[in-house]
Structure formats: structure tokens, C-alpha cells
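Written below as C-alpha cells is the structure these notes are about.
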Amino acid sequence: MPTRNTPDVIVVGAGVVGAACAYYAARAGLTVTVIDRGPVAGGTTGAGEGNLLVSDKEPGPELELALHSTALWAELAELLPSRIEYEPKGGLVVASGQDGMRALRDFAAGQEQAGVTAREIPADRLRDLEPHLAPGLAGGFHYPQDAQVMPALAAAHLLRAGGDRVRLRLGEEVTGLLTGGDGQVRGVRTSTGELHAPFVVNAAGPWGGELARLAGVDLPVLPRRGFVLVTEPLPRVVRHKVYAADYVTDVASGSAALQTSVVVEGTPAGPVLIGASRERVGFDRTVSTEALGRLAAGATALFPVLAGVRAMRTYAGFRPYLPDHLPAIGRDARVPGLLHACGHEGAGIGLAPATGLIIARLLTGGEPPLDIRPFDPGRFEPAV
């Protein structure tokens, strides 16, 4: 085994995607050093709700990645029982009117052909699944494959499960990429010195574009800010992940303006999490009272029981946005030895295991578990 001072691969980013890359690389027999300027899950992962979703994804490459990850998360939950608060509770998407229901039927029909399980719930049966839902909704669809984890715990335990093959260097910022005369990656330069390795994985989330620039390449990752409201602990008043039909539209939108679409879910610890807002304002963490007001209004409209509940805190996070809403996963042909695993926007927690497995297969010369051409990091290069 190589010494810890010369790992086989350096992973930049200790969020859940970086942790998954490290875990699967270690399981493949590689030694890994994970570097992050902050703590484990100190960025986007720590600000996430822990959603593992197939319900919000249209047929295509991202849904295929999500379905593969869904199976891997179930395996990881067996490996790390109870430690990551894995909860296969399912999702419920609801429509306020008949136009919304028709759109949901069309969406679900396409998903089912791609391998998603979706069950239509008529209006008079919605409260069988969620007794506290508002009356008057037109119906919805139940997605039993949707699940949830506690994201910070998931990242931490994936790193721990890598065992002695995974080493952490936290509080250390990467300031440069080391390359040889042939352009091949030789390691990274950090705030404390140099670390050498033949491979570097960019798992820096919304900062993935900045790390790519250190390597002299362009990857147009931008931060997309979102807020989450957290209520006081409650009995289990929300059983599933519940969201309105317009959430799917907002996820697919490229607008920089503020968008809110209500998403409500309970947690094993009791608090209810309320999202979701999206806007591109750089890395500005200023609290948006407009966004929070919209979230609160949407949540109480969907679950009137929440109207008298106190919001204990709110937090902001930055989703790593790419213009075509697909992550960048794989080798960068422009810099031999550089691989990318970033740009997952709001789906990084759900997509982390399949992403990590792909990276590990590429590092060891194996075959990726699915077609990764749509995730090519060089796809944004202008045609010549």
C-alpha cells in the first residue's frame, strides 16, 4: 500500500459527494486523502435536507443516475444501520387543481417507463397518507422509492467506513493544482504545503468552478442559494416528503430570480423541514425575508396544522448549479489525472453513491455502471 503521504488519489471536498468518492475508491483498494478548507459536511451537504429523490426527475440521464443511487443508498443503510438516519418513507406530490393532476399523470407515465414506481392517489385518499393535509386538493402521486438521510451523518460515516485507506485534512484550502511538464496532474498545493498524487477529484460543490480554474479549465458551476425553515420538534405530523407539483418545474428552471415551491417533510428527531427556495445571488448569505415568508405561507397552506408552530431557525445553502442541470462526472480530457464530481445542484445527496462508484471505477480502470457521456465535464467547451 502507498504511504499516507503519497495517496493514490486526492479528493477535494468533504461533503457527501466527496465522501462517496473516497468510500468507493477505498473499497476498490486505493488510498485517498480528502482535503477541505472547512469541516466534514461544512458546505452544501450540511445545509441540505437529505433528500434521496426519484420523484422530481424526468426520464433521462439524471433519473438513471438517481435510480442507481437509490439502490446503493439502500445497501449503505444496511452497512451503516441507523447511523445515517436512512428513512425510506416515500414521497407525495400533490396538485391543487385538475390541470396540475393532468401534468402529474403525464410526468409519472414517462417516469414509470424509465423504472420509477408512481401510484396515483385520488383526492379522497390523500389523507390516508397524510392526515393533516389541507382539504380541497385535486389529488397526487405517491413515490415509494423516495427516501431521506441525515446528510452530515451520511458524509461522516461514509468517510469513516473507508477505514485506514481514507485520510482527512480539514481546515486546509487548496490553492493550486500541481502538474508535470506533460500537463499530467501531480497533486495539489494547499495553504500548508504540497501533497502529491496522480489523480485529483474535484468534489468541491458550488466551489467546483473555482477549483477547475486552478487547473486552467472552465467548468461553469454557479451557486444557487436556498433557504430551509426548521420548526420546533413535533409529533409526526408529516409522514412523507410532500411537495407541490410546481416544485418539479422550479428544479428544472434556469432562472436567476427567486423561486419558491413548498416542500415539507418530517424528521425522526421531530422538527419539520420546510423548503424550497432557489435564486442565483452568488455566495450572498443575507437572510431573505421574502423567501422565508413565501416558504412559511406555502407550508401552512399545504399543512394548516403548522400555522401555530414556531420556526426555531433557518439556514441557507448553495446548490452547485450547471446550465444544463446535469452534474459533471468523469475525467477531464483537458487535464490528465483530473476528475470532476460536482454540479449536482440540489440532488447531490441523492446522487452521491452512484457518482462515487463511477469515479472509483474510472480511477481503477473499471467500467462505469451506466452511460456517463451526458455528464462529460468538457461538454461546455465551445465547438471548434
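Residue numbers start at 1 in each chain; chains themselves are named A, B, ... in the order of the C-alpha cells; ligands are numbered from 1 in the order shown.
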
Exercise for review: Considering only C-alpha atoms, return as a list in words whatever protein or nucleic-acid residues lie within 12 Å of Leu362 (chain A), sequence-local ones (same chain, fewer than 4 positions apart) excluded.
Suggested key: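 Here the answer would be Val9, Cys21, Tyr24, Ala25, Ala28, Phe199, Val201, Ile329, Gly330, Arg331, Asp332, Gly337, Leu338, Leu339, His340, Ala341, Thr355, Gly356, Leu357, Ile358, Gly366, Glu367, Pro368, Pro369, Leu370 and Ile372 of chain A.
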
Each region 281-342 of chain A residue no farther than 10 Å from region 230-240 of chain A, nearest pair in Å, only C-alpha atoms, as JSON lines:
```
{"residue": "A:Phe303", "atom": "CA", "partner": "A:Val238", "partner_atom": "CA", "distance": 8.5}
{"residue": "A:Val305", "atom": "CA", "partner": "A:Val237", "partner_atom": "CA", "distance": 8.2}
{"residue": "A:Leu306", "atom": "CA", "partner": "A:Thr231", "partner_atom": "CA", "distance": 8.8}
{"residue": "A:Val309", "atom": "CA", "partner": "A:Thr231", "partner_atom": "CA", "distance": 6.8}
{"residue": "A:Arg310", "atom": "CA", "partner": "A:Thr231", "partner_atom": "CA", "distance": 5.7}
{"residue": "A:Ala311", "atom": "CA", "partner": "A:Thr231", "partner_atom": "CA", "distance": 4.1}
{"residue": "A:Met312", "atom": "CA", "partner": "A:Thr231", "partner_atom": "CA", "distance": 5.2}
{"residue": "A:Arg313", "atom": "CA", "partner": "A:Val230", "partner_atom": "CA", "distance": 5.4}
{"residue": "A:Thr314", "atom": "CA", "partner": "A:Val230", "partner_atom": "CA", "distance": 5.9}
{"residue": "A:Tyr315", "atom": "CA", "partner": "A:Val230", "partner_atom": "CA", "distance": 8.3}
```

Review point. Running DSSP on the backbone, which parts of region 225-373 of chain A land in helix (DSSP H, G or I), as a PyMOL selection string?
Key: chain A and resi 246-252+289-302+304-308+345-363+373

Exercise for review: Name the residues in contact with region 216-225 of chain A at a cut-off of 7 Å, using only C-alpha atoms, excluding same-chain residues fewer than 6 positions from it; report them as a PyMOL selection string.
Suggested key: chain A and resi 206+208-209+278-283+316-322+343

Restricted to N, CA, C and O atoms, what would the selected residues look like written as a PDB file, in the first residue's frame?
```pdb
ATOM      1  N   PRO A 206     -20.398  23.844  -4.950  1.00  0.00           N
ATOM      2  CA  PRO A 206     -20.560  25.124  -5.651  1.00  0.00           C
ATOM      3  C   PRO A 206     -19.250  25.853  -5.892  1.00  0.00           C
ATOM      4  O   PRO A 206     -19.212  26.811  -6.662  1.00  0.00           O
ATOM      5  N   GLY A 208     -16.785  24.197  -7.194  1.00  0.00           N
ATOM      6  CA  GLY A 208     -16.144  23.354  -8.201  1.00  0.00           C
ATOM      7  C   GLY A 208     -15.611  24.136  -9.384  1.00  0.00           C
ATOM      8  O   GLY A 208     -14.590  23.770  -9.970  1.00  0.00           O
ATOM      9  N   GLY A 209     -16.272  25.229  -9.737  1.00  0.00           N
ATOM     10  CA  GLY A 209     -15.785  26.062 -10.835  1.00  0.00           C
ATOM     11  C   GLY A 209     -14.483  26.740 -10.483  1.00  0.00           C
ATOM     12  O   GLY A 209     -13.590  26.883 -11.332  1.00  0.00           O
ATOM     13  N   ARG A 278     -35.031  29.010  -4.448  1.00  0.00           N
ATOM     14  CA  ARG A 278     -33.896  28.963  -5.361  1.00  0.00           C
ATOM     15  C   ARG A 278     -33.683  30.350  -5.943  1.00  0.00           C
ATOM     16  O   ARG A 278     -34.632  30.993  -6.393  1.00  0.00           O
ATOM     17  N   GLU A 279     -32.436  30.799  -5.924  1.00  0.00           N
ATOM     18  CA  GLU A 279     -32.076  32.055  -6.579  1.00  0.00           C
ATOM     19  C   GLU A 279     -30.560  32.101  -6.740  1.00  0.00           C
ATOM     20  O   GLU A 279     -29.824  31.516  -5.953  1.00  0.00           O
ATOM     21  N   ARG A 280     -30.115  32.790  -7.794  1.00  0.00           N
ATOM     22  CA  ARG A 280     -28.682  32.927  -8.034  1.00  0.00           C
ATOM     23  C   ARG A 280     -28.257  34.331  -7.627  1.00  0.00           C
ATOM     24  O   ARG A 280     -28.546  35.322  -8.309  1.00  0.00           O
ATOM     25  N   VAL A 281     -27.595  34.406  -6.482  1.00  0.00           N
ATOM     26  CA  VAL A 281     -27.140  35.696  -5.940  1.00  0.00           C
ATOM     27  C   VAL A 281     -25.680  35.592  -5.514  1.00  0.00           C
ATOM     28  O   VAL A 281     -25.242  36.269  -4.586  1.00  0.00           O
ATOM     29  N   GLY A 282     -24.914  34.726  -6.192  1.00  0.00           N
ATOM     30  CA  GLY A 282     -23.539  34.492  -5.768  1.00  0.00           C
ATOM     31  C   GLY A 282     -23.517  33.766  -4.431  1.00  0.00           C
ATOM     32  O   GLY A 282     -24.400  32.964  -4.131  1.00  0.00           O
ATOM     33  N   PHE A 283     -22.518  34.067  -3.623  1.00  0.00           N
ATOM     34  CA  PHE A 283     -22.397  33.428  -2.313  1.00  0.00           C
ATOM     35  C   PHE A 283     -22.915  34.338  -1.199  1.00  0.00           C
ATOM     36  O   PHE A 283     -22.430  34.293  -0.069  1.00  0.00           O
ATOM     37  N   ALA A 316     -29.230  28.709   5.291  1.00  0.00           N
ATOM     38  CA  ALA A 316     -29.057  28.873   3.845  1.00  0.00           C
ATOM     39  C   ALA A 316     -27.981  27.933   3.348  1.00  0.00           C
ATOM     40  O   ALA A 316     -27.042  27.586   4.078  1.00  0.00           O
ATOM     41  N   GLY A 317     -28.105  27.529   2.108  1.00  0.00           N
ATOM     42  CA  GLY A 317     -27.084  26.715   1.453  1.00  0.00           C
ATOM     43  C   GLY A 317     -26.986  27.108   0.000  1.00  0.00           C
ATOM     44  O   GLY A 317     -27.828  27.846  -0.527  1.00  0.00           O
ATOM     45  N   PHE A 318     -25.946  26.610  -0.662  1.00  0.00           N
ATOM     46  CA  PHE A 318     -25.715  26.939  -2.069  1.00  0.00           C
ATOM     47  C   PHE A 318     -25.650  25.657  -2.891  1.00  0.00           C
ATOM     48  O   PHE A 318     -24.750  24.843  -2.703  1.00  0.00           O
ATOM     49  N   ARG A 319     -26.614  25.506  -3.773  1.00  0.00           N
ATOM     50  CA  ARG A 319     -26.608  24.354  -4.670  1.00  0.00           C
ATOM     51  C   ARG A 319     -25.627  24.614  -5.815  1.00  0.00           C
ATOM     52  O   ARG A 319     -25.606  25.708  -6.374  1.00  0.00           O
ATOM     53  N   PRO A 320     -24.834  23.623  -6.187  1.00  0.00           N
ATOM     54  CA  PRO A 320     -23.887  23.791  -7.310  1.00  0.00           C
ATOM     55  C   PRO A 320     -24.597  23.611  -8.645  1.00  0.00           C
ATOM     56  O   PRO A 320     -24.875  22.498  -9.081  1.00  0.00           O
ATOM     57  N   TYR A 321     -24.880  24.728  -9.296  1.00  0.00           N
ATOM     58  CA  TYR A 321     -25.715  24.756 -10.498  1.00  0.00           C
ATOM     59  C   TYR A 321     -24.865  24.731 -11.764  1.00  0.00           C
ATOM     60  O   TYR A 321     -23.887  25.471 -11.874  1.00  0.00           O
ATOM     61  N   LEU A 322     -25.231  23.879 -12.713  1.00  0.00           N
ATOM     62  CA  LEU A 322     -24.672  23.902 -14.056  1.00  0.00           C
ATOM     63  C   LEU A 322     -25.802  24.195 -15.049  1.00  0.00           C
ATOM     64  O   LEU A 322     -26.953  23.815 -14.808  1.00  0.00           O
ATOM     65  N   GLY A 343     -21.495  19.796  -9.379  1.00  0.00           N
ATOM     66  CA  GLY A 343     -22.545  20.361 -10.216  1.00  0.00           C
ATOM     67  C   GLY A 343     -23.865  19.624 -10.114  1.00  0.00           C
ATOM     68  O   GLY A 343     -24.690  19.692 -11.019  1.00  0.00           O
TER      69      GLY A 343
END
```

Check your understanding: Which one is closest to Val40 (chain A): A:Glu194, A:Glu210, A:Asp56, A:Glu172? Count only C-alpha atoms.
Key ->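 Going through A:Glu194, A:Glu210, A:Asp56, A:Glu172 one by one, the smallest distance to Val40 (chain A) is for A:Glu172.
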
Exercise for review: Go ahead and compute the interatomic distance for CA of Val262 (chain A) and CA of Asp106 (chain A), in Å to one decimal.
Suggested key: 21.0 Å

**Study point:** Residue nearest Pro144 (chain A) among A:Gly91, A:Pro59, A:Gly46, A:Gly15 (counting only C-alpha atoms)
**Key:** A:Gly91

Practice item. Could you give me, as a ChimeraX atom specification, the residues within 12 Å of Gly293 (chain A), counting only C-alpha atoms and dropping anything in the same chain fewer than 5 positions from it? Key: /A:227-229,260-262,274-277,287-288,298-300,311,314

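Considering only C-alpha atoms, the residue among A:Ala328, A:Val242, A:Leu258, A:Leu351 positioned nearest to Leu292 (chain A) is A:Leu258.
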
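Comparing the minimum interatomic distances between Ala269 (chain A) and each of A:Leu195, A:Met150, A:Ala71, A:Ala296, counting only C-alpha atoms, we find that A:Met150 sits nearest.
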
Check your understanding: What lies within 7 Å of region 81-86 of chain A using only C-alpha atoms, ignoring chain neighbours under 2 positions off, as a list in words?
Key ->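 Close residues of region 81-86 of chain A: Ala77, Glu78, Leu79, Pro88, Gln148, Val149, Met150, Leu153 and Ala154 of chain A.
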
Point to revise | Backbone-only DSSP, strand (DSSP E or B) members of region 77-185 of chain A, as JSON, numbers by chain | key: {"A": [87, 91, 92, 93, 94, 95, 119, 120, 121, 122, 139, 140, 141, 142, 143, 147, 148, 166, 167, 168, 169, 170, 174, 175, 176, 177, 178, 179, 185]}

Which residues are close to region 173-187 of chain A, i.e. within 7 Å by only C-alpha atoms, leaving aside same-chain residues fewer than 6 positions away? Reply as an mmCIF file with all heavy atoms, in the first residue's frame.
```
data_model
loop_
_atom_site.group_PDB
_atom_site.id
_atom_site.type_symbol
_atom_site.label_atom_id
_atom_site.label_comp_id
_atom_site.auth_asym_id
_atom_site.auth_seq_id
_atom_site.Cartn_x
_atom_site.Cartn_y
_atom_site.Cartn_z
ATOM 1 N N ASP A 36 -10.355 19.552 2.697
ATOM 2 C CA ASP A 36 -11.441 20.546 2.703
ATOM 3 C C ASP A 36 -11.005 21.721 3.557
ATOM 4 O O ASP A 36 -10.390 21.525 4.606
ATOM 5 C CB ASP A 36 -12.720 19.934 3.270
ATOM 6 C CG ASP A 36 -13.958 20.745 2.905
ATOM 7 O OD1 ASP A 36 -14.044 21.916 3.331
ATOM 8 O OD2 ASP A 36 -14.850 20.207 2.215
ATOM 9 N N ARG A 37 -11.331 22.923 3.091
ATOM 10 C CA ARG A 37 -10.950 24.104 3.867
ATOM 11 C C ARG A 37 -11.790 24.266 5.119
ATOM 12 O O ARG A 37 -11.469 25.051 6.002
ATOM 13 C CB ARG A 37 -11.074 25.354 3.002
ATOM 14 C CG ARG A 37 -12.461 25.653 2.479
ATOM 15 C CD ARG A 37 -12.418 26.833 1.538
ATOM 16 N NE ARG A 37 -13.700 27.089 0.892
ATOM 17 C CZ ARG A 37 -13.869 27.948 -0.108
ATOM 18 N NH1 ARG A 37 -12.829 28.622 -0.581
ATOM 19 N NH2 ARG A 37 -15.047 28.134 -0.638
ATOM 20 N N LEU A 195 0.889 18.349 -1.650
ATOM 21 C CA LEU A 195 0.545 16.941 -1.489
ATOM 22 C C LEU A 195 0.527 16.325 -2.878
ATOM 23 O O LEU A 195 -0.121 16.856 -3.785
ATOM 24 C CB LEU A 195 -0.823 16.786 -0.819
ATOM 25 C CG LEU A 195 -1.304 15.341 -0.635
ATOM 26 C CD1 LEU A 195 -0.407 14.589 0.347
ATOM 27 C CD2 LEU A 195 -2.755 15.321 -0.152
ATOM 28 N N HIS A 196 1.225 15.219 -3.038
ATOM 29 C CA HIS A 196 1.383 14.627 -4.361
ATOM 30 C C HIS A 196 0.504 13.388 -4.525
ATOM 31 O O HIS A 196 0.345 12.583 -3.603
ATOM 32 C CB HIS A 196 2.849 14.260 -4.595
ATOM 33 C CG HIS A 196 3.745 15.451 -4.603
ATOM 34 N ND1 HIS A 196 4.005 16.179 -5.740
ATOM 35 C CD2 HIS A 196 4.421 16.068 -3.595
ATOM 36 C CE1 HIS A 196 4.807 17.199 -5.437
ATOM 37 N NE2 HIS A 196 5.073 17.149 -4.140
ATOM 38 N N ALA A 197 -0.089 13.271 -5.700
ATOM 39 C CA ALA A 197 -0.896 12.111 -6.082
ATOM 40 C C ALA A 197 -1.110 12.177 -7.589
ATOM 41 O O ALA A 197 -1.115 13.265 -8.176
ATOM 42 C CB ALA A 197 -2.234 12.106 -5.350
ATOM 43 N N PRO A 198 -1.307 11.038 -8.250
ATOM 44 C CA PRO A 198 -1.500 11.040 -9.704
ATOM 45 C C PRO A 198 -2.915 11.410 -10.140
ATOM 46 O O PRO A 198 -3.157 11.627 -11.327
ATOM 47 C CB PRO A 198 -1.173 9.596 -10.103
ATOM 48 C CG PRO A 198 -1.472 8.791 -8.875
ATOM 49 C CD PRO A 198 -1.132 9.669 -7.714
ATOM 50 N N PHE A 199 -3.847 11.484 -9.177
ATOM 51 C CA PHE A 199 -5.232 11.824 -9.508
ATOM 52 C C PHE A 199 -5.784 12.811 -8.486
ATOM 53 O O PHE A 199 -5.514 12.701 -7.283
ATOM 54 C CB PHE A 199 -6.129 10.577 -9.519
ATOM 55 C CG PHE A 199 -5.764 9.565 -10.562
ATOM 56 C CD1 PHE A 199 -5.050 8.423 -10.215
ATOM 57 C CD2 PHE A 199 -6.131 9.749 -11.889
ATOM 58 C CE1 PHE A 199 -4.709 7.477 -11.162
ATOM 59 C CE2 PHE A 199 -5.787 8.807 -12.857
ATOM 60 C CZ PHE A 199 -5.079 7.674 -12.498
ATOM 61 N N VAL A 200 -6.582 13.761 -8.985
ATOM 62 C CA VAL A 200 -7.296 14.708 -8.132
ATOM 63 C C VAL A 200 -8.756 14.703 -8.556
ATOM 64 O O VAL A 200 -9.071 14.794 -9.758
ATOM 65 C CB VAL A 200 -6.729 16.141 -8.248
ATOM 66 C CG1 VAL A 200 -7.619 17.141 -7.513
ATOM 67 C CG2 VAL A 200 -5.305 16.193 -7.709
ATOM 68 N N LEU A 214 -8.333 26.722 -11.107
ATOM 69 C CA LEU A 214 -6.972 26.493 -10.628
ATOM 70 C C LEU A 214 -6.231 25.517 -11.540
ATOM 71 O O LEU A 214 -5.007 25.563 -11.642
ATOM 72 C CB LEU A 214 -6.982 25.951 -9.199
ATOM 73 C CG LEU A 214 -7.448 26.898 -8.095
ATOM 74 C CD1 LEU A 214 -7.430 26.177 -6.753
ATOM 75 C CD2 LEU A 214 -6.578 28.146 -8.032
ATOM 76 N N ALA A 215 -7.003 24.647 -12.196
ATOM 77 C CA ALA A 215 -6.409 23.695 -13.135
ATOM 78 C C ALA A 215 -6.311 24.261 -14.537
ATOM 79 O O ALA A 215 -5.837 23.582 -15.450
ATOM 80 C CB ALA A 215 -7.237 22.411 -13.154
ATOM 81 N N VAL A 335 -7.062 18.036 -18.726
ATOM 82 C CA VAL A 335 -6.016 17.918 -17.696
ATOM 83 C C VAL A 335 -5.946 16.457 -17.267
ATOM 84 O O VAL A 335 -6.736 16.017 -16.422
ATOM 85 C CB VAL A 335 -6.322 18.820 -16.478
ATOM 86 C CG1 VAL A 335 -5.188 18.742 -15.453
ATOM 87 C CG2 VAL A 335 -6.548 20.265 -16.903
ATOM 88 N N PRO A 336 -5.040 15.684 -17.837
ATOM 89 C CA PRO A 336 -4.952 14.264 -17.476
ATOM 90 C C PRO A 336 -4.738 14.082 -15.969
ATOM 91 O O PRO A 336 -3.895 14.730 -15.360
ATOM 92 C CB PRO A 336 -3.732 13.780 -18.260
ATOM 93 C CG PRO A 336 -3.611 14.730 -19.407
ATOM 94 C CD PRO A 336 -4.059 16.066 -18.876
ATOM 95 N N GLY A 337 -5.541 13.223 -15.385
ATOM 96 C CA GLY A 337 -5.449 12.969 -13.952
ATOM 97 C C GLY A 337 -6.458 13.749 -13.135
ATOM 98 O O GLY A 337 -6.636 13.469 -11.942
ATOM 99 N N LEU A 338 -7.142 14.724 -13.743
ATOM 100 C CA LEU A 338 -8.180 15.485 -13.052
ATOM 101 C C LEU A 338 -9.538 14.877 -13.376
ATOM 102 O O LEU A 338 -9.875 14.661 -14.536
ATOM 103 C CB LEU A 338 -8.152 16.953 -13.488
ATOM 104 C CG LEU A 338 -9.256 17.857 -12.934
ATOM 105 C CD1 LEU A 338 -9.144 17.993 -11.414
ATOM 106 C CD2 LEU A 338 -9.210 19.239 -13.597
#
```

Practice item. Would you mind telling me which residue in A:Glu112, A:Glu58, A:Glu87, A:Glu64 lies nearest to Thr267 (chain A) when using only C-alpha atoms? Key: A:Glu87
